[in-house]
Amino acid sequence: MLGAICLQLLACTTSSPQTTNITTPIHTSGWETALPGEQGSAIITFSLPQYATAEIHLLKGKSERTNPPIARISLTNENCTVGHLASLSTFNNSIEKIRYFEKETLWNSTHRLTLSWDNQRHLSVQLNDETIDSSLERKIDRLRLSSSHQPIYIEHIEFITK
């Protein structure tokens, strides 16, 4: 009996994740939103045409002039044969550290990008089945997506706060 009461009290005090879905598919060359909390995840399902490039900036604050990106995920066409080359860049005291995903993201195919962050400045970026983990210089609170040459197609975005 005491165990059941403790479990009920624990359930009352434990915060459960909240999910926000953006299910309307969009073609966009630029989109920005606030992240829903100090720790959480964003799951972005997207496709990108062959000649397009895209960047996702993770920021602190709205103005990129006064607050340059803390992290950047890039999808480029440099030295690619069947898809985009993807990388994660992090910035620490004006020093850029770049890490590349091993597999190209196939052109015109659906991909899943999962960003997970916490209030200890840890970032995990999963692109399809590859993951890169990184420490950040500062906390993030905004996501800015941009593409060049052609729009990126966003099929679905889901935010999960913890």
# chains A, B, ... in the order shown; residues from 1 in each chain; ligands from 1
>>> closest_atom_pairs(of="region 11-104 of chain A", to="region 140-160 of chain A", cutoff="9 Å", atoms="only C-alpha atoms", output="Markdown table")
| residue | atom | partner | partner_atom | distance |
| --- | --- | --- | --- | --- |
| A:Pro17 | CA | A:Ile160 | CA | 6.3 |
| A:Gln18 | CA | A:Ile160 | CA | 5.5 |
| A:Thr19 | CA | A:Ile160 | CA | 4.5 |
| A:Thr20 | CA | A:Phe159 | CA | 5.1 |
| A:Asn21 | CA | A:Glu158 | CA | 4.5 |
| A:Ile22 | CA | A:Ile157 | CA | 5.1 |
| A:Thr23 | CA | A:His156 | CA | 4.9 |
| A:Thr24 | CA | A:His156 | CA | 6.8 |
| A:Pro25 | CA | A:Glu155 | CA | 4.4 |
| A:Ile26 | CA | A:Ile154 | CA | 5.3 |
| A:His27 | CA | A:Tyr153 | CA | 4.4 |
| A:Thr28 | CA | A:Pro151 | CA | 4.9 |
| A:Ser29 | CA | A:Pro151 | CA | 4.7 |
| A:Gly30 | CA | A:Ser146 | CA | 4.3 |
| A:Trp31 | CA | A:Leu145 | CA | 5.1 |
| A:Glu32 | CA | A:Arg144 | CA | 4.3 |
| A:Thr33 | CA | A:Leu143 | CA | 5.5 |
| A:Ala34 | CA | A:Arg142 | CA | 4.3 |
| A:Leu35 | CA | A:Asp141 | CA | 5.1 |
| A:Pro36 | CA | A:Phe159 | CA | 7.1 |
| A:Gly37 | CA | A:Asp141 | CA | 7.2 |
| A:Glu38 | CA | A:Asp141 | CA | 7.1 |
| A:Gln39 | CA | A:Ile160 | CA | 8.8 |
| A:Gly40 | CA | A:Ile160 | CA | 5.4 |
| A:Ser41 | CA | A:Ile160 | CA | 5.0 |
| A:Ala42 | CA | A:Phe159 | CA | 4.5 |
| A:Ile43 | CA | A:Glu158 | CA | 5.1 |
| A:Ile44 | CA | A:Ile157 | CA | 4.6 |
| A:Thr45 | CA | A:His156 | CA | 5.2 |
| A:Phe46 | CA | A:Ile154 | CA | 4.5 |
| A:Ser47 | CA | A:Tyr153 | CA | 5.3 |
| A:Leu48 | CA | A:Ile152 | CA | 5.0 |
| A:Pro49 | CA | A:Gln150 | CA | 6.9 |
| A:Gln50 | CA | A:Gln150 | CA | 8.9 |
| A:Tyr51 | CA | A:His149 | CA | 6.6 |
| A:Ala52 | CA | A:His149 | CA | 5.0 |
| A:Thr53 | CA | A:Ser148 | CA | 5.3 |
| A:Ala54 | CA | A:Ser147 | CA | 4.1 |
| A:Glu55 | CA | A:Ser146 | CA | 5.4 |
| A:Ile56 | CA | A:Leu145 | CA | 4.4 |
| A:His57 | CA | A:Arg144 | CA | 5.0 |
| A:Leu58 | CA | A:Leu143 | CA | 4.9 |
| A:Leu59 | CA | A:Arg142 | CA | 5.0 |
| A:Lys60 | CA | A:Ile140 | CA | 4.8 |
| A:Gly61 | CA | A:Arg142 | CA | 6.6 |
| A:Lys62 | CA | A:Arg142 | CA | 7.2 |
| A:Ile70 | CA | A:Ile140 | CA | 7.2 |
| A:Ala71 | CA | A:Ile140 | CA | 8.8 |
>>> select_by_dssp(residues="chain A", states="strand (DSSP E or B)", output="ChimeraX atom specification")
/A:18-22,26-28,30-34,40-47,53-59,71-76,83-92,95-100,105-106,111-117,122-127,130-135,142-148,152-161
>>> select_by_dssp(residues="region 4-136 of chain A", states="helix (DSSP H, G or I)", output="NGL selection string")
:A and (4-13)
>>> closest_atom_pairs(of="region 107-134 of chain A", to="region 76-93 of chain A", cutoff="10 Å", atoms="only C-alpha atoms", output="Markdown table")
| residue | atom | partner | partner_atom | distance |
| --- | --- | --- | --- | --- |
| A:Trp107 | CA | A:Gly83 | CA | 4.7 |
| A:Asn108 | CA | A:Gly83 | CA | 8.4 |
| A:Ser109 | CA | A:Gly83 | CA | 9.0 |
| A:Leu123 | CA | A:Thr90 | CA | 9.8 |
| A:Ser124 | CA | A:Leu88 | CA | 10.0 |
| A:Val125 | CA | A:Leu88 | CA | 7.9 |
| A:Leu127 | CA | A:Ala86 | CA | 8.5 |
| A:Ile132 | CA | A:Leu88 | CA | 7.7 |
| A:Asp133 | CA | A:Leu88 | CA | 9.3 |
| A:Ser134 | CA | A:Thr90 | CA | 7.8 |
>>> atom_distance(atom1="CA of Pro69 (chain A)", atom2="CA of Gln126 (chain A)")
18.7 Å
>>> closest_residue(among="A:Thr161, A:Ser74, A:Ser94, A:Thr105", to="Asp118 (chain A)", atoms="only C-alpha atoms")
A:Thr161
